[in-house]
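> Please read through the structure below; I'll follow up with questions.
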Amino acid sequence: MPSKGKVSISKDTGETHRYPPHDQELNDIENSRFQVAKVGVDGGEDDGVGEDTVNQYQYTWNLKSLGQLTREALPKYDNYRDLMSVHAAPRPTLDDLHNATFHEKPSKKEEDETVLKGKVIKFGWLEGVLMRCLLNIWGVMLFLRLSWVVGQAGVLEGFLLITLANLVTFITAFSMSAVSTNGLIKGGGIYYMISRSLGPEFGAAIGLMFTVANSIAVALYIVGFCESLNSLLQRNGYEGIIDGDVNDIRIVGVVVLVLILVLAFVGMDWVTRTQMFLLVVLIAAQLDYIVGNIIGPKSDEEKAEGFVGFDWETLKVNWYADYRTGIDGDNSKQDFFSVFGVFFPAVTGIVAGANLSGDLKDPASAIPKGTLLAITITYVSYIGYAIMMGASVIREANGDVSDFNLGNYTQCMSTDDNVEVNNCAFGLLNDSQVMALVSGWWPLIYGGCFAATLSSAIASLVGAPRVLQALAKDRLYPSIHFFEKGYGANNDPVRGYILVFLVSLGCLLIAKLNAIAPLLSNFFLAAYCLINFSVFHASITKSPGWRPSFKYYNAWVSLCGSILCIAVMFLMSWITALITVAISVFLYLYVSYRGPDVNWGSSTQAQSYNSALKSVQELNQVEEHVKNYRPQILIFSGMPSSRPPLIDFGYLLVKNVSLMICAQVVKGHYNQRVRNSLQRQAYSWLNKHKKKGFYTLIEDNSYERGCHSIMQTAGLGRLKPNMVLLGYKADWTKADTNTGIELKDYFGVIHEALDMHLAVAILRLPEGLDYSDVIEEEDQLRSQQLLDVKKELGIPRNQSESQLSQDGNSSESSSTPPSPKLDRLASAQKVFEGQSVKRKRSRKTSGSCTYMGHGGTALPRQVLVNVTQFQRKQKKGTIDVWWLYDDGGLTILLPYILTTRSQFTGCQLRIFTLSSRKDELGREQRNMAALLAKFRIEYSDVIIIPDITKKAKEVTKKEFETFIEPFKGEETEDGTFITDAELLTLREKTNRHLRMRELLQQHSIDSTFVVM
């Protein structure tokens, strides 16, 4: 029968809700993990329930009531923001929900709390992307070089040239649209896209190059403006300021550059207003050109200068290419790709909107829509204007009306002192102001040219500093953070403006348009290549995070776009392309060497995972072979910072070419936050000390069972340990003889390893291995300290004990740093939150400088020597190898590996082995030497031990008796004690071991290292 409860029927919807009985509900809540607040009319707000329900728990289906009944967070965007963002919602963690704890949301940094004053300007796709792209693409090349391109390449190849350039930008725009719709796009435009897609190395390289490219573009557009201005002045009879040529361009260019800089300082609002006015002028100038083409030449003077109106014969003559020398003093013969290099900057304006991604309302929508539409409009216009020019203007004309009347106005070459001179200053090849000649009202064309050049220069000057600012914020280069500071409500990069101004000023002094354009083209092509490659790379890695909302892209088309960009770079100018590639590679390697501490979820990281997974899967199909054997070591080290010599020795054996896993067993139960913090500490220590390995942690009340679990589960496929490395238990004589738990666990681990067919190595050093009582690592708290701090912080936990040490000392419990409690609490809190204490560290740090005593004090010299003994070069001597029994060769392989390391290069192997008969010493020695020769093991000497069965000295026996005396006793089930019967049965074996000790002291007391 169902339990009795209250039923509520909604008057509006007729829905019926059954409530549990009041007593049952209270019992359920009291027994649950969480205490649920009551909801009623007396709670301060009307919840829409009648008075008869006062003091009853009302389960209504609205967010307010649900928020009071559960701490679970409903899915919403703010839950997925950066946790340090002021907009991030304090979503409860699994620990909070499971352990009934609550943590305050971390506060924003003080410097981020300051609100910038002023009006924040955000743009839509029309004024923010489309308008800026149109202004940049309809730039200086449209008015000053399109006619030259048609004159050199002809209408047909000009069409192919324009199409090829726009094909590159179309593919790049599709790739850029995919990247820009795959998540949040912040300020930095193309740099932000590449760095977050391909990683900081590619992003840093292209970000710096793109900043330089845009700075050069500013100079290019201003030089175009000055050329047009000079032409206008000469048309009206002015000779110019100095020479009417290069020097005038430099003087006027500097003035214009300063004015543009002032406009940038004024703010983005005025920049946008200015550009809107310039766009209107630019469109009017193009309409003027079209009207002029339709009207045709209005005088013989225009005809004499090459404008003959639409004519089929003219189109046929101009249909095919006629490559000649360049202009502006360039006497080299032109070809398709040299002309392409001059024209390509005309279409590079596709990133004008993306560069201002931080100033857009919705970058993910605005960038694809505005960019693709701008490319389509400008491509159609460029093709149309090229055909008009080819059909209405001849290639060369001298401008003489009388010669035109005689029909000789196209004869340009004459001889002066046996030197051919071109007398033609007009026509497609010679006159950069063909559009003004053809137009209906020429002043409007000059106005359009001025508008195009100035608007493009403004866009580049405003865009480049924002890319630099984004690069500076990421601090991928040293000292570049100087440029990250912004001013005003729009965070304007004033310092970047000044830097771009200086770079542009240097390029402006070249004052030749055709010399600047190919250099600019290479930089832009390199950037476009990486944009396309980032989409291809992100697609083939098949990362679940790659899901752009823009679907009209293809990974292989993007790859073709990348290859096309590289090919065009080298076809334009292989020298310039090599320099561009060399700069990119240098910047990539430099940033890669510095190892920036960033994690952006790039496709490079996804590819690393794919490559690793594929390699492990392929390795699983490879049968093991003795020639490919290498020690893959599982080190029971506890926290790596506790036993540095043990880690150093294990790392000498693997040295980046084999597997090393550091394992820690802890008693009790740790919650996941503590486990995560311990893992972060362990990997932080390994990275700091440049040890490439892994760390694993397991919880078990029995040390032996914990080690057994680790040995069973460590590794993946064939990439798993085949050898266990332990520290020698130096305090075995002080073990509790009543329980013998520590010794039993220690020996149990050895037996478990052997049962699992794992090799066992035990490292013994005179000074021991455990330095946890001496060394205090920065940002390193041991597991017991973390648990203590959790208790101080009021975080619920289960009781836990520290790990049992192989050295017999509890690393986590036996040392308590003398630092104040408050400092420890603060450090631990940061560890829990996954933060690290910022510290200055040099790029190259010696091993001794990375170890400090408690409170940051310097360690005693002898302690430092002991801790770092396997990091330093060992003294010249011998590595004595006591190869007593045939173990498959591991005893000889490990010391051989040591001799290949720089620390042991001064040591030679000395081999000791046993002989069963004294009269066969010579033959045994020869056999061993032959065996070592087959193994290709270099050695200094082979020593045969003939008297291993000789009786040990009485002193040795007495010392042995003293050692085992505490462990003698009656026979027990667990085998803790040594019985007299065992001693009697194993007396010969015991004698051999005692004799071996005497031989070791006799032969190897002065050796550098002993292996047996």
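Numbering starts fresh at 1 for the residues of each chain in the structure tokens, the chains themselves are lettered A, B, ... in the order given, and ligands are numbered from 1 as they appear.
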If you count only C-alpha atoms, which residues fall within 10 Å of Asn610 of chain A, apart from same-chain ones fewer than 6 positions away, as a PyMOL selection string?
chain A and resi 540-543+604+616
> Which residues are near Leu134 of chain A? Cut-off 8 Å, only C-alpha atoms, ignore same chain within fewer than 6 positions. Put them as an mmCIF file with N, CA, C and O atoms, in the first residue's frame.

data_model
loop_
_atom_site.group_PDB
_atom_site.id
_atom_site.type_symbol
_atom_site.label_atom_id
_atom_site.label_comp_id
_atom_site.auth_asym_id
_atom_site.auth_seq_id
_atom_site.Cartn_x
_atom_site.Cartn_y
_atom_site.Cartn_z
ATOM 1 N N LEU A 279 34.960 54.637 -46.671
ATOM 2 C CA LEU A 279 34.320 53.593 -47.470
ATOM 3 C C LEU A 279 33.337 54.197 -48.467
ATOM 4 O O LEU A 279 33.252 53.748 -49.625
ATOM 5 N N GLY A 349 43.753 41.793 -46.896
ATOM 6 C CA GLY A 349 42.916 42.478 -45.913
ATOM 7 C C GLY A 349 41.873 41.601 -45.271
ATOM 8 O O GLY A 349 41.036 42.092 -44.504
ATOM 9 N N ALA A 374 33.078 39.828 -47.864
ATOM 10 C CA ALA A 374 34.033 40.815 -48.363
ATOM 11 C C ALA A 374 34.908 40.227 -49.464
ATOM 12 O O ALA A 374 35.169 40.888 -50.489
ATOM 13 N N ILE A 375 35.354 38.994 -49.309
ATOM 14 C CA ILE A 375 36.184 38.360 -50.338
ATOM 15 C C ILE A 375 35.394 38.182 -51.624
ATOM 16 O O ILE A 375 35.904 38.434 -52.731
ATOM 17 N N THR A 378 34.917 41.707 -53.337
ATOM 18 C CA THR A 378 36.158 42.277 -53.903
ATOM 19 C C THR A 378 36.693 41.426 -55.048
ATOM 20 O O THR A 378 37.271 41.959 -56.002
#
> With only C-alpha atoms as the counted atoms, please give the residues lying no more than 8 Å from segment 240-257 of chain A, apart from itself and same-chain residues fewer than 5 positions off, as a list in words.
Ile222, Val223, Cys226, Glu227, Asn230, Leu233, Gln234, Phe501, Leu505, Leu508, Leu509, Ala511 and Lys512 of chain A
> Excluding same-chain residues fewer than 6 positions from Ile911 of chain A, what lies within 9 Å of it counting only C-alpha atoms, as a PyMOL selection string?
chain A and resi 879-883+892+928+939-944
> Just the selected residues (all heavy atoms), exported as a CSV table (one decimal), in the first residue's frame, please.

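Written file, again.csv:
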chain,number,residue,atom,x,y,z
A,879,ILE,N,83.9,-0.2,-11.2
A,879,ILE,CA,82.6,-0.7,-10.8
A,879,ILE,C,82.7,-2.2,-10.7
A,879,ILE,O,82.9,-2.9,-11.7
A,879,ILE,CB,81.5,-0.4,-11.9
A,879,ILE,CG1,81.3,1.2,-12.0
A,879,ILE,CG2,80.2,-1.0,-11.5
A,879,ILE,CD1,80.3,1.6,-13.1
A,880,ASP,N,82.7,-2.7,-9.5
A,880,ASP,CA,82.9,-4.1,-9.2
A,880,ASP,C,81.6,-4.8,-9.4
A,880,ASP,O,80.6,-4.6,-8.7
A,880,ASP,CB,83.5,-4.3,-7.8
A,880,ASP,CG,84.9,-3.9,-7.7
A,880,ASP,OD1,85.5,-3.5,-8.7
A,880,ASP,OD2,85.5,-4.0,-6.6
A,881,VAL,N,81.6,-5.8,-10.4
A,881,VAL,CA,80.4,-6.6,-10.6
A,881,VAL,C,80.7,-8.0,-10.2
A,881,VAL,O,81.5,-8.7,-10.7
A,881,VAL,CB,80.1,-6.6,-12.2
A,881,VAL,CG1,78.9,-7.4,-12.4
A,881,VAL,CG2,80.0,-5.2,-12.7
A,882,TRP,N,79.9,-8.4,-9.1
A,882,TRP,CA,80.0,-9.8,-8.6
A,882,TRP,C,79.0,-10.6,-9.3
A,882,TRP,O,77.8,-10.7,-8.8
A,882,TRP,CB,79.9,-9.7,-7.1
A,882,TRP,CG,81.1,-9.1,-6.4
A,882,TRP,CD1,81.3,-7.8,-6.3
A,882,TRP,CD2,82.1,-9.7,-5.7
A,882,TRP,NE1,82.5,-7.5,-5.6
A,882,TRP,CE2,83.0,-8.7,-5.3
A,882,TRP,CE3,82.4,-11.1,-5.5
A,882,TRP,CZ2,84.2,-9.0,-4.6
A,882,TRP,CZ3,83.6,-11.4,-4.8
A,882,TRP,CH2,84.4,-10.4,-4.3
A,883,TRP,N,79.4,-11.2,-10.4
A,883,TRP,CA,78.4,-12.0,-11.2
A,883,TRP,C,78.5,-13.4,-10.6
A,883,TRP,O,79.2,-14.3,-11.2
A,883,TRP,CB,78.8,-11.9,-12.6
A,883,TRP,CG,77.7,-12.4,-13.5
A,883,TRP,CD1,76.4,-12.8,-13.2
A,883,TRP,CD2,77.7,-12.5,-15.0
A,883,TRP,NE1,75.7,-13.1,-14.2
A,883,TRP,CE2,76.4,-13.0,-15.4
A,883,TRP,CE3,78.7,-12.3,-15.9
A,883,TRP,CZ2,76.1,-13.2,-16.7
A,883,TRP,CZ3,78.4,-12.5,-17.2
A,883,TRP,CH2,77.1,-13.0,-17.6
A,892,ILE,N,75.1,-8.0,-15.3
A,892,ILE,CA,76.2,-7.4,-16.1
A,892,ILE,C,75.7,-6.2,-17.0
A,892,ILE,O,76.4,-5.3,-17.3
A,892,ILE,CB,76.9,-8.4,-17.0
A,892,ILE,CG1,78.3,-7.9,-17.4
A,892,ILE,CG2,76.1,-8.8,-18.2
A,892,ILE,CD1,79.3,-7.9,-16.3
A,928,MET,N,85.1,-16.8,-19.1
A,928,MET,CA,84.4,-15.6,-18.8
A,928,MET,C,84.8,-14.4,-19.7
A,928,MET,O,83.9,-13.6,-20.2
A,928,MET,CB,84.7,-15.2,-17.4
A,928,MET,CG,84.0,-13.9,-16.9
A,928,MET,SD,82.2,-13.9,-17.1
A,928,MET,CE,81.7,-15.1,-16.0
A,939,TYR,N,85.7,-4.4,-20.3
A,939,TYR,CA,86.0,-4.6,-18.9
A,939,TYR,C,87.5,-4.4,-18.7
A,939,TYR,O,88.3,-4.4,-19.6
A,939,TYR,CB,85.6,-6.0,-18.4
A,939,TYR,CG,86.3,-7.1,-19.2
A,939,TYR,CD1,87.5,-7.7,-18.7
A,939,TYR,CD2,85.8,-7.6,-20.4
A,939,TYR,CE1,88.2,-8.7,-19.4
A,939,TYR,CE2,86.5,-8.6,-21.1
A,939,TYR,CZ,87.7,-9.2,-20.6
A,939,TYR,OH,88.3,-10.1,-21.3
A,940,SER,N,87.9,-4.2,-17.4
A,940,SER,CA,89.3,-4.0,-17.1
A,940,SER,C,90.0,-5.3,-16.6
A,940,SER,O,91.2,-5.5,-16.8
A,940,SER,CB,89.5,-2.9,-16.1
A,940,SER,OG,88.9,-3.2,-14.9
A,941,ASP,N,89.2,-6.1,-15.9
A,941,ASP,CA,89.8,-7.3,-15.3
A,941,ASP,C,88.7,-8.3,-15.0
A,941,ASP,O,87.5,-7.9,-14.8
A,941,ASP,CB,90.5,-6.9,-14.0
A,941,ASP,CG,91.5,-8.0,-13.6
A,941,ASP,OD1,91.7,-9.0,-14.4
A,941,ASP,OD2,92.1,-7.9,-12.5
A,942,VAL,N,89.1,-9.6,-15.1
A,942,VAL,CA,88.2,-10.7,-14.6
A,942,VAL,C,88.9,-11.5,-13.5
A,942,VAL,O,90.0,-11.9,-13.7
A,942,VAL,CB,87.9,-11.6,-15.8
A,942,VAL,CG1,87.1,-12.9,-15.3
A,942,VAL,CG2,87.1,-10.9,-16.9
A,943,ILE,N,88.2,-11.5,-12.4
A,943,ILE,CA,88.8,-12.2,-11.2
A,943,ILE,C,87.9,-13.4,-10.8
A,943,ILE,O,86.7,-13.2,-10.6
A,943,ILE,CB,88.9,-11.2,-10.0
A,943,ILE,CG1,89.8,-10.0,-10.4
A,943,ILE,CG2,89.4,-11.9,-8.8
A,943,ILE,CD1,89.8,-8.9,-9.4
A,944,ILE,N,88.5,-14.5,-10.7
A,944,ILE,CA,87.8,-15.8,-10.3
A,944,ILE,C,88.0,-16.0,-8.9
A,944,ILE,O,89.2,-16.0,-8.4
A,944,ILE,CB,88.3,-17.0,-11.2
A,944,ILE,CG1,88.3,-16.7,-12.7
A,944,ILE,CG2,87.5,-18.2,-10.8
A,944,ILE,CD1,86.9,-16.4,-13.2
> With a distance cut-off of 7 Å and only C-alpha atoms, select the neighbouring residues of Val155 of chain A, excluding the residue or stretch itself and same-chain residues fewer than 6 positions from it, and output the selection as a PyMOL selection string.
chain A and resi 318-320+386-387+390
> Using only C-alpha atoms, which residues sit within 10 Å of Phe143 of chain A once same-chain residues fewer than 6 positions away are excluded, as a compact mmCIF listing (two decimals) with C-alpha atoms, in the first residue's frame?

# COMPACT_ATOMS: atom_id res chain seq x y z
CA GLY A 224 50.81 54.25 -52.12
CA SER A 228 49.04 59.07 -55.71
CA ALA A 285 35.35 56.37 -56.79
CA GLN A 286 34.72 52.88 -58.18
CA SER A 432 49.84 54.08 -62.30
CA GLN A 433 46.85 56.46 -62.58
CA VAL A 434 44.97 54.66 -65.35
CA MET A 435 41.80 54.63 -63.26
CA ALA A 436 41.91 58.43 -63.01
CA ILE A 445 39.42 58.66 -58.22
CA TYR A 446 42.19 60.41 -56.34
CA GLY A 448 39.09 57.02 -53.62
CA CYS A 449 42.79 56.20 -53.81
CA PHE A 450 43.45 58.38 -50.79
CA ALA A 452 41.76 53.23 -49.85
CA THR A 453 45.36 53.80 -48.81
> Taking into account only C-alpha atoms, which residue in the set A:Ala459, A:Val262, A:Gly717, A:Tyr221 is nearest to Gln621 of chain A?
A:Gly717
> Find, counting only C-alpha atoms, the residue in A:Lys369, A:Lys691, A:Arg145, A:Lys918 that gets nearest to Pro345 of chain A.
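Ranked by minimum distance to Pro345 of chain A, first place goes to A:Arg145.
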> I'd like the contact shell of segment 577-579 of chain A - 12 Å cut-off, only C-alpha atoms, skipping same-chain residues fewer than 5 positions apart - returned as JSON, numbers by chain.
{"A": [209, 341, 518, 519, 520, 521, 522, 523, 524, 525, 526, 565, 566, 567, 568, 569, 570, 571, 572, 584, 585, 586]}
> Taking the chain letters and numbering used in this document, name the residues of segment 632-672 of chain A that DSSP puts in alpha helix (DSSP H), as a list of chain:residue names.
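Matching residues, listed in order: A:Pro644, A:Pro645, A:Leu646, A:Ile647, A:Asp648, A:Phe649, A:Gly650, A:Tyr651, A:Leu652, A:Leu653, A:Val654, A:Gln672.
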> Rank A:Met176, A:Leu909, A:Leu160, A:Val557 by their smallest atom-to-atom distance to Ser197 of chain A, using only C-alpha atoms, and report the top residue only.
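Smallest separation from Ser197 of chain A among the options: A:Met176.
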> Pick the closest to Leu769 of chain A from A:Val749, A:Leu559, A:Leu646, A:Met711: which is it, counting only C-alpha atoms?
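Selected residue with least distance to Leu769 of chain A: A:Leu646.
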> Using only C-alpha atoms, find the one residue out of A:Gln275, A:Asn136, A:Ser677, A:Asn293 that sits nearest to Tyr385 of chain A.
A:Asn293
> Closest to Gly889 of chain A among A:Leu1000, A:Val626, A:Lys875, A:Phe483, using only C-alpha atoms?
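Residue with the minimum atom-to-atom distance to Gly889 of chain A: A:Val626.
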> Would you list, as an mmCIF file with C-alpha atoms, in the first residue's frame, the residues of segment 840-914 of chain A that end up in strand (DSSP E) under DSSP run on this structure's backbone?

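Final output, saved to selection36.cif:
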data_model
loop_
_atom_site.group_PDB
_atom_site.id
_atom_site.type_symbol
_atom_site.label_atom_id
_atom_site.label_comp_id
_atom_site.auth_asym_id
_atom_site.auth_seq_id
_atom_site.Cartn_x
_atom_site.Cartn_y
_atom_site.Cartn_z
ATOM 1 C CA GLY A 877 87.820 3.872 -10.255
ATOM 2 C CA THR A 878 86.071 0.609 -10.845
ATOM 3 C CA ILE A 879 82.562 -0.696 -10.830
ATOM 4 C CA ASP A 880 82.915 -4.098 -9.239
ATOM 5 C CA VAL A 881 80.431 -6.598 -10.647
ATOM 6 C CA TRP A 882 80.031 -9.759 -8.592
ATOM 7 C CA CYS A 907 84.900 4.007 -14.225
ATOM 8 C CA GLN A 908 85.789 0.610 -15.657
ATOM 9 C CA LEU A 909 84.111 -2.717 -15.053
ATOM 10 C CA ARG A 910 85.862 -5.323 -12.952
ATOM 11 C CA ILE A 911 84.150 -8.715 -13.080
ATOM 12 C CA PHE A 912 84.170 -11.163 -10.156
ATOM 13 C CA THR A 913 82.818 -14.693 -10.554
ATOM 14 C CA LEU A 914 82.977 -18.020 -8.764
#
> Could you work out how far atom CA of Lys627 of chain A lies from atom CA of Ile937 of chain A, giving the answer in Å with one decimal?
14.1 Å
